[in-house]
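Have a look at query.cif below; it lists mmCIF, C-alpha atoms.
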```
data_work
#
loop_
_atom_site.group_PDB
_atom_site.id
_atom_site.type_symbol
_atom_site.label_atom_id
_atom_site.label_comp_id
_atom_site.auth_asym_id
_atom_site.auth_seq_id
_atom_site.Cartn_x
_atom_site.Cartn_y
_atom_site.Cartn_z
ATOM 1 C CA MET K 1357 174.485 -8.247 -211.604
ATOM 2 C CA ALA K 1358 170.842 -9.277 -211.943
ATOM 3 C CA ASN K 1359 168.201 -7.539 -209.858
ATOM 4 C CA ALA K 1360 167.580 -10.619 -207.648
ATOM 5 C CA GLU K 1361 171.320 -10.846 -206.962
ATOM 6 C CA LYS K 1362 171.410 -7.165 -205.966
ATOM 7 C CA VAL K 1363 168.487 -7.642 -203.578
ATOM 8 C CA ALA K 1364 170.228 -10.661 -202.015
ATOM 9 C CA ALA K 1365 173.537 -8.760 -201.769
ATOM 10 C CA VAL K 1366 171.844 -5.786 -200.062
ATOM 11 C CA ALA K 1367 170.068 -8.116 -197.603
ATOM 12 C CA GLU K 1368 173.366 -9.832 -196.741
ATOM 13 C CA LEU K 1369 175.193 -6.514 -196.291
ATOM 14 C CA LYS K 1370 172.339 -5.133 -194.185
ATOM 15 C CA GLU K 1371 172.538 -8.174 -191.903
ATOM 16 C CA LYS K 1372 176.315 -7.710 -191.553
ATOM 17 C CA PHE K 1373 175.929 -3.993 -190.754
ATOM 18 C CA SER K 1374 173.209 -4.762 -188.194
ATOM 19 C CA SER K 1375 175.105 -7.500 -186.377
ATOM 20 C CA ALA K 1376 178.625 -6.008 -186.454
ATOM 21 C CA ASP K 1377 180.199 -4.337 -183.431
ATOM 22 C CA ALA K 1378 181.991 -2.054 -185.885
ATOM 23 C CA VAL K 1379 182.697 -1.756 -189.610
ATOM 24 C CA VAL K 1380 185.890 -0.391 -191.162
ATOM 25 C CA LEU K 1381 185.848 0.772 -194.789
ATOM 26 C CA THR K 1382 189.016 0.496 -196.855
ATOM 27 C CA ASN K 1383 190.243 1.244 -200.348
ATOM 28 C CA TYR K 1384 191.914 -1.909 -201.628
ATOM 29 C CA ARG K 1385 192.814 -0.665 -205.167
ATOM 30 C CA GLY K 1386 195.949 -2.373 -206.415
ATOM 31 C CA LEU K 1387 196.059 -5.165 -203.843
ATOM 32 C CA SER K 1388 196.542 -8.601 -205.354
ATOM 33 C CA VAL K 1389 194.272 -11.542 -204.610
ATOM 34 C CA ALA K 1390 197.111 -13.002 -202.537
ATOM 35 C CA GLY K 1391 197.371 -9.713 -200.620
ATOM 36 C CA LEU K 1392 193.628 -9.730 -199.888
ATOM 37 C CA GLN K 1393 193.855 -13.329 -198.657
ATOM 38 C CA GLU K 1394 196.791 -12.425 -196.405
ATOM 39 C CA LEU K 1395 194.787 -9.507 -194.993
ATOM 40 C CA ARG K 1396 191.761 -11.722 -194.301
ATOM 41 C CA ARG K 1397 193.945 -14.241 -192.470
ATOM 42 C CA GLY K 1398 195.580 -11.447 -190.463
ATOM 43 C CA LEU K 1399 192.234 -10.113 -189.231
ATOM 44 C CA GLY K 1400 191.407 -13.435 -187.598
ATOM 45 C CA SER K 1401 188.034 -14.783 -186.585
ATOM 46 C CA ASP K 1402 186.717 -11.481 -185.199
ATOM 47 C CA ALA K 1403 186.205 -9.993 -188.671
ATOM 48 C CA THR K 1404 185.028 -10.794 -192.169
ATOM 49 C CA TYR K 1405 186.522 -8.760 -194.992
ATOM 50 C CA ALA K 1406 184.374 -8.354 -198.091
ATOM 51 C CA VAL K 1407 184.546 -6.356 -201.308
ATOM 52 C CA ALA K 1408 181.219 -4.680 -202.090
ATOM 53 C CA LYS K 1409 179.750 -2.231 -204.588
ATOM 54 C CA ASN K 1410 179.377 1.266 -203.147
ATOM 55 C CA THR K 1411 175.757 1.691 -204.258
ATOM 56 C CA LEU K 1412 174.664 -1.579 -202.658
ATOM 57 C CA THR K 1413 176.694 -0.828 -199.520
ATOM 58 C CA LEU K 1414 175.019 2.573 -199.155
ATOM 59 C CA ILE K 1415 171.525 1.078 -199.553
ATOM 60 C CA ALA K 1416 172.304 -1.700 -197.043
ATOM 61 C CA ALA K 1417 173.755 0.764 -194.519
ATOM 62 C CA ARG K 1418 170.677 2.986 -194.753
ATOM 63 C CA GLU K 1419 168.375 -0.018 -194.339
ATOM 64 C CA ALA K 1420 170.383 -0.901 -191.209
ATOM 65 C CA GLY K 1421 169.813 2.639 -189.891
ATOM 66 C CA ILE K 1422 173.289 3.994 -190.677
ATOM 67 C CA GLU K 1423 173.471 7.376 -192.397
ATOM 68 C CA GLY K 1424 176.469 9.420 -193.529
ATOM 69 C CA LEU K 1425 178.712 6.935 -195.348
ATOM 70 C CA GLU K 1426 178.470 8.714 -198.727
ATOM 71 C CA ASP K 1427 181.869 10.431 -198.374
ATOM 72 C CA GLN K 1428 183.625 7.157 -197.575
ATOM 73 C CA LEU K 1429 182.004 5.188 -200.389
ATOM 74 C CA VAL K 1430 184.178 6.592 -203.162
ATOM 75 C CA GLY K 1431 186.432 4.355 -205.260
ATOM 76 C CA PRO K 1432 186.886 0.618 -204.686
ATOM 77 C CA THR K 1433 185.625 -0.349 -201.239
ATOM 78 C CA ALA K 1434 186.139 -3.382 -199.058
ATOM 79 C CA LEU K 1435 184.585 -3.632 -195.621
ATOM 80 C CA ALA K 1436 185.842 -5.278 -192.454
ATOM 81 C CA PHE K 1437 182.768 -6.328 -190.461
ATOM 82 C CA ILE K 1438 183.982 -6.757 -186.885
ATOM 83 C CA ASN K 1439 182.228 -9.083 -184.454
ATOM 84 C CA GLY K 1440 184.432 -9.116 -181.404
ATOM 85 C CA ASP K 1441 187.538 -7.189 -180.417
ATOM 86 C CA VAL K 1442 187.356 -3.963 -182.450
ATOM 87 C CA VAL K 1443 190.784 -2.764 -181.304
ATOM 88 C CA THR K 1444 192.591 -5.936 -182.384
ATOM 89 C CA VAL K 1445 191.033 -5.827 -185.864
ATOM 90 C CA ALA K 1446 191.785 -2.094 -186.209
ATOM 91 C CA LYS K 1447 195.406 -2.869 -185.258
ATOM 92 C CA GLY K 1448 195.515 -5.607 -187.888
ATOM 93 C CA LEU K 1449 194.262 -3.242 -190.590
ATOM 94 C CA LYS K 1450 196.632 -0.451 -189.560
ATOM 95 C CA ASN K 1451 199.649 -2.782 -189.458
ATOM 96 C CA PHE K 1452 198.751 -4.310 -192.826
ATOM 97 C CA ALA K 1453 198.378 -0.818 -194.335
ATOM 98 C CA LYS K 1454 201.797 0.125 -192.940
ATOM 99 C CA ASP K 1455 203.400 -2.805 -194.793
ATOM 100 C CA ASN K 1456 201.092 -2.504 -197.838
ATOM 101 C CA PRO K 1457 200.548 1.188 -198.665
ATOM 102 C CA LEU K 1458 197.981 0.225 -201.336
ATOM 103 C CA LEU K 1459 195.476 -0.461 -198.546
ATOM 104 C CA GLU K 1460 193.921 2.784 -197.359
ATOM 105 C CA ILE K 1461 191.653 3.061 -194.327
ATOM 106 C CA LYS K 1462 188.729 5.310 -195.297
ATOM 107 C CA GLY K 1463 186.820 5.331 -192.016
ATOM 108 C CA GLY K 1464 184.133 3.266 -190.387
ATOM 109 C CA VAL K 1465 181.067 2.916 -188.207
ATOM 110 C CA MET K 1466 180.850 2.003 -184.528
ATOM 111 C CA ASP K 1467 177.819 2.205 -182.222
ATOM 112 C CA GLY K 1468 175.893 3.934 -185.025
ATOM 113 C CA ARG K 1469 178.470 6.734 -185.301
ATOM 114 C CA ILE K 1470 180.501 7.474 -188.412
ATOM 115 C CA LEU K 1471 184.263 7.387 -187.790
ATOM 116 C CA ASP K 1472 186.855 9.107 -189.949
ATOM 117 C CA ALA K 1473 190.137 7.405 -190.892
ATOM 118 C CA ASP K 1474 192.086 9.098 -188.075
ATOM 119 C CA THR K 1475 189.631 7.848 -185.448
ATOM 120 C CA VAL K 1476 189.935 4.273 -186.736
ATOM 121 C CA LYS K 1477 193.737 4.590 -186.549
ATOM 122 C CA LYS K 1478 193.477 5.925 -182.979
ATOM 123 C CA LEU K 1479 191.354 2.887 -182.078
ATOM 124 C CA ALA K 1480 194.224 0.752 -183.334
ATOM 125 C CA ASP K 1481 196.565 2.474 -180.866
ATOM 126 C CA LEU K 1482 194.464 1.438 -177.851
ATOM 127 C CA GLU K 1483 195.277 -1.672 -175.860
ATOM 128 C CA SER K 1484 193.410 -4.812 -176.848
ATOM 129 C CA ARG K 1485 190.416 -6.119 -174.935
ATOM 130 C CA GLU K 1486 192.475 -8.971 -173.444
ATOM 131 C CA VAL K 1487 195.145 -6.576 -172.132
ATOM 132 C CA LEU K 1488 192.523 -4.241 -170.640
ATOM 133 C CA LEU K 1489 190.679 -7.170 -169.022
ATOM 134 C CA GLY K 1490 193.979 -8.435 -167.612
ATOM 135 C CA LYS K 1491 194.729 -5.034 -166.095
ATOM 136 C CA LEU K 1492 191.206 -4.790 -164.703
ATOM 137 C CA ALA K 1493 191.451 -8.270 -163.176
ATOM 138 C CA GLY K 1494 194.867 -7.450 -161.689
ATOM 139 C CA GLY K 1495 193.534 -4.238 -160.158
ATOM 140 C CA MET K 1496 190.488 -6.022 -158.768
ATOM 141 C CA LYS K 1497 192.647 -8.790 -157.284
ATOM 142 C CA ALA K 1498 194.918 -6.244 -155.582
ATOM 143 C CA ASN K 1499 191.905 -4.409 -154.139
ATOM 144 C CA LEU K 1500 190.315 -7.670 -152.969
ATOM 145 C CA ASN K 1501 193.564 -8.651 -151.247
ATOM 146 C CA LYS K 1502 193.668 -5.266 -149.482
ATOM 147 C CA ALA K 1503 190.024 -5.617 -148.438
ATOM 148 C CA ALA K 1504 190.577 -9.159 -147.148
ATOM 149 C CA PHE K 1505 193.555 -7.960 -145.105
ATOM 150 C CA ALA K 1506 191.514 -5.052 -143.708
ATOM 151 C CA PHE K 1507 188.616 -7.347 -142.768
ATOM 152 C CA ASN K 1508 190.879 -9.989 -141.246
ATOM 153 C CA ALA K 1509 193.002 -7.560 -139.206
ATOM 154 C CA PRO K 1510 190.356 -6.802 -136.496
ATOM 155 C CA ALA K 1511 189.413 -10.477 -136.255
ATOM 156 C CA SER K 1512 193.027 -11.529 -135.785
ATOM 157 C CA LYS K 1513 193.533 -8.822 -133.119
ATOM 158 C CA LEU K 1514 190.427 -10.072 -131.281
ATOM 159 C CA ALA K 1515 191.632 -13.665 -131.549
ATOM 160 C CA ARG K 1516 195.035 -12.677 -130.096
ATOM 161 C CA ALA K 1517 193.338 -10.796 -127.213
ATOM 162 C CA LEU K 1518 191.079 -13.768 -126.443
ATOM 163 C CA GLY K 1519 194.069 -16.083 -126.587
ATOM 164 C CA ALA K 1520 195.951 -13.876 -124.107
ATOM 165 C CA LEU K 1521 192.912 -13.839 -121.798
ATOM 166 C CA GLN K 1522 192.637 -17.609 -121.936
ATOM 167 C CA THR K 1523 196.325 -18.024 -121.176
ATOM 168 C CA ALA K 1524 196.033 -15.616 -118.237
ATOM 169 C CA ALA K 1525 192.936 -17.433 -116.927
ATOM 170 C CA GLU K 1526 194.683 -20.779 -117.077
ATOM 171 C CA ALA K 1527 197.717 -19.364 -115.264
ATOM 172 C CA ASP K 1528 195.769 -17.593 -112.473
ATOM 173 C CA PRO K 1529 191.944 -17.885 -112.528
ATOM 174 C CA SER K 1530 191.588 -15.409 -109.650
ATOM 175 C CA LYS K 1531 192.765 -12.539 -111.864
ATOM 176 C CA ILE K 1532 190.045 -13.119 -114.449
ATOM 177 C CA GLY K 1533 186.358 -12.699 -113.615
ATOM 178 C CA GLY K 1534 184.987 -16.121 -114.447
ATOM 179 C CA ALA K 1535 183.768 -19.427 -113.041
ATOM 180 C CA GLY K 1536 185.792 -20.587 -110.092
ATOM 181 C CA GLY K 1537 187.504 -17.206 -109.483
ATOM 182 C CA ALA K 1538 187.671 -15.568 -106.031
ATOM 183 C CA ALA K 1539 185.864 -12.498 -107.360
ATOM 184 C CA ASP K 1540 182.805 -14.665 -108.135
ATOM 185 C CA GLN K 1541 182.924 -16.483 -104.782
ATOM 186 C CA LYS K 1542 182.749 -13.423 -102.429
ATOM 187 C CA PRO K 1543 179.405 -12.032 -103.727
ATOM 188 C CA ALA K 1544 177.920 -15.537 -103.454
ATOM 189 C CA ASP K 1545 179.081 -15.844 -99.807
ATOM 190 C CA ASP K 1546 177.662 -12.386 -98.970
ATOM 191 C CA ALA K 1547 174.285 -13.326 -100.463
ATOM 192 C CA ALA K 1548 174.174 -16.561 -98.415
ATOM 193 C CA SER K 1549 174.969 -14.683 -95.159
ATOM 194 C CA ALA K 1550 172.236 -12.119 -95.812
ATOM 195 C CA ALA K 1551 169.688 -14.903 -96.389
ATOM 196 C CA GLU K 1552 170.586 -16.608 -93.068
ATOM 197 C CA GLU K 1553 170.155 -13.352 -91.110
ATOM 198 C CA ASN K 1554 166.610 -12.913 -92.484
#
```
Give the structure from the file, written as C-alpha cells.
Amino acid sequence: MANAEKVAAVAELKEKFSSADAVVLTNYRGLSVAGLQELRRGLGSDATYAVAKNTLTLIAAREAGIEGLEDQLVGPTALAFINGDVVTVAKGLKNFAKDNPLLEIKGGVMDGRILDADTVKKLADLESREVLLGKLAGGMKANLNKAAFAFNAPASKLARALGALQTAAEADPSKIGGAGGAADQKPADDAASAAEEN
C-alpha cells in the first residue's frame, strides 16, 4: 500500500471511529467472501463492516482519541462501525458467531471506553432499542391513564353534586338558597319594614 493510500485509509478509519456510536472488533480468519457478505447483510443498515490493517486501525483510533486497543488488534481484524442500535448489531454479530465459529468477537469501543469480548456479548443479551422504547411508551401510557383518571375523578364528583343540586332546586326551590326561594324573600321583607319605620 502506497503512503498516500495509507494516509487516506487512516483518515477514513478515523472518521468512522469518530462518528460511530460503538465499534466491535472481530477476528474473521477463515471466513469466506460469501460468509463476510452474509455477515454484512445480517448487520443491517446500522453498521458497516470493514477489514482493516491493525497498524492503520491503531493510528486512526489514537487520532480519534481512543487509546487501549493494542491488545485487541492482534491477528486479522475486521471492524463493525455501529451508527444506530448498538444492541441489535451486537446481537447480529453474536448470532453469526454462534453459527460460524470462525468469527471471533475480540472486543470493542463504546462512549470512549474499551470493551472486552464478554462485555460485547452481554450487550447482545440486552433488549433492543425498539423493545425498550415500546416498554417505556407502554409504561408512560399506563401512568398517563392513571393520572387522567385521578384528575378527572374530583371534577366528575363535583359535576354530579352540582347536577343533584340543580335537580333539587328544580323540584323545590325553597329548599335551596337561590333566586326566588323563600329564604331569600324573608330578609328582603324585613329590610323593607325597617326602612318604613325610619
**Prompt:** Do you have the atom CA of K:Ala1376-atom CA of K:Ala1446 distance handy?
**Reply:**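 It comes out at 13.7 Å.
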**Selection: 7 Å around K:Tyr1405, only C-alpha atoms, excl. self and same-chain fewer than 5 positions, as number ranges by chain** = K: 1396, 1434-1437
**Request:** Take atom CA of K:Val1363 and atom CA of K:Lys1462 and report the distance between them in Å, one decimal.
**Result:**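 Result for atom CA of K:Val1363 versus atom CA of K:Lys1462: 25.4 Å, one decimal.
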**Request:** Starting from the shown file, work through the PyMOL selection byres ((chain K and resi 1387-1390) around 12) and note down what comes out as a VMD selection string.
**Result:** chain K and resid 1382 to 1386 1391 to 1397 1407 1432 to 1434 1452 to 1453 1455 to 1460
**Request:** List the residues matched by the PyMOL selection byres ((chain K and resi 1364-1370) around 7) in the displayed structure as a PyMOL selection string, ordered by chain and then by residue number.
**Result:** chain K and resi 1360-1363+1371-1374+1412-1413+1415-1417+1419-1420
Could you write out as an mmCIF file with C-alpha atoms, keeping the file's coordinate frame the residues that the PyMOL selection byres ((chain K and resi 1471-1475) around 9) matches in the shown file?
```
data_model
loop_
_atom_site.group_PDB
_atom_site.id
_atom_site.type_symbol
_atom_site.label_atom_id
_atom_site.label_comp_id
_atom_site.auth_asym_id
_atom_site.auth_seq_id
_atom_site.Cartn_x
_atom_site.Cartn_y
_atom_site.Cartn_z
ATOM 1 C CA VAL K 1380 185.890 -0.391 -191.162
ATOM 2 C CA LEU K 1381 185.848 0.772 -194.789
ATOM 3 C CA GLN K 1428 183.625 7.157 -197.575
ATOM 4 C CA GLU K 1460 193.921 2.784 -197.359
ATOM 5 C CA ILE K 1461 191.653 3.061 -194.327
ATOM 6 C CA LYS K 1462 188.729 5.310 -195.297
ATOM 7 C CA GLY K 1463 186.820 5.331 -192.016
ATOM 8 C CA GLY K 1464 184.133 3.266 -190.387
ATOM 9 C CA VAL K 1465 181.067 2.916 -188.207
ATOM 10 C CA MET K 1466 180.850 2.003 -184.528
ATOM 11 C CA ARG K 1469 178.470 6.734 -185.301
ATOM 12 C CA ILE K 1470 180.501 7.474 -188.412
ATOM 13 C CA VAL K 1476 189.935 4.273 -186.736
ATOM 14 C CA LYS K 1477 193.737 4.590 -186.549
ATOM 15 C CA LYS K 1478 193.477 5.925 -182.979
ATOM 16 C CA LEU K 1479 191.354 2.887 -182.078
ATOM 17 C CA ALA K 1480 194.224 0.752 -183.334
#
```
Write out as a PDB file with C-alpha atoms, keeping the file's coordinate frame each polymer residue whose atoms come within 8 Å of stretch 1398-1401 of chain K, counting all atoms listed in the file; drop sequence neighbours fewer than 6 positions from it.
```pdb
ATOM      1  CA  VAL K1445     191.033  -5.827-185.864  1.00  0.00           C
ATOM      2  CA  GLY K1448     195.515  -5.607-187.888  1.00  0.00           C
ATOM      3  CA  LEU K1449     194.262  -3.242-190.590  1.00  0.00           C
TER       4      LEU K1449
END
```
**Asked** Using all atoms listed in the file, which of the listed residues (K:Ala1493, K:Ala1520, K:Ala1406, K:Val1379) sits closest to K:Asp1441?
**Response** K:Val1379
**Computed interatomic separation between atom CA of K:Val1430 and atom CA of K:Asn1410 (Å)** =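 Computing it gives 7.2 Å between the two atoms.
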**Request:** Go through K:Asp1528, K:Asp1402, K:Asp1481, K:Asp1377 and flag the residue nearest K:Lys1447, using all atoms listed in the file for the distances.
**Result:** K:Asp1481
**Message:** When you count only C-alpha atoms, which of these residues is closest to K:Thr1444: K:Glu1426, K:Thr1411, K:Arg1418, K:Glu1483?
**Reply:** K:Glu1483
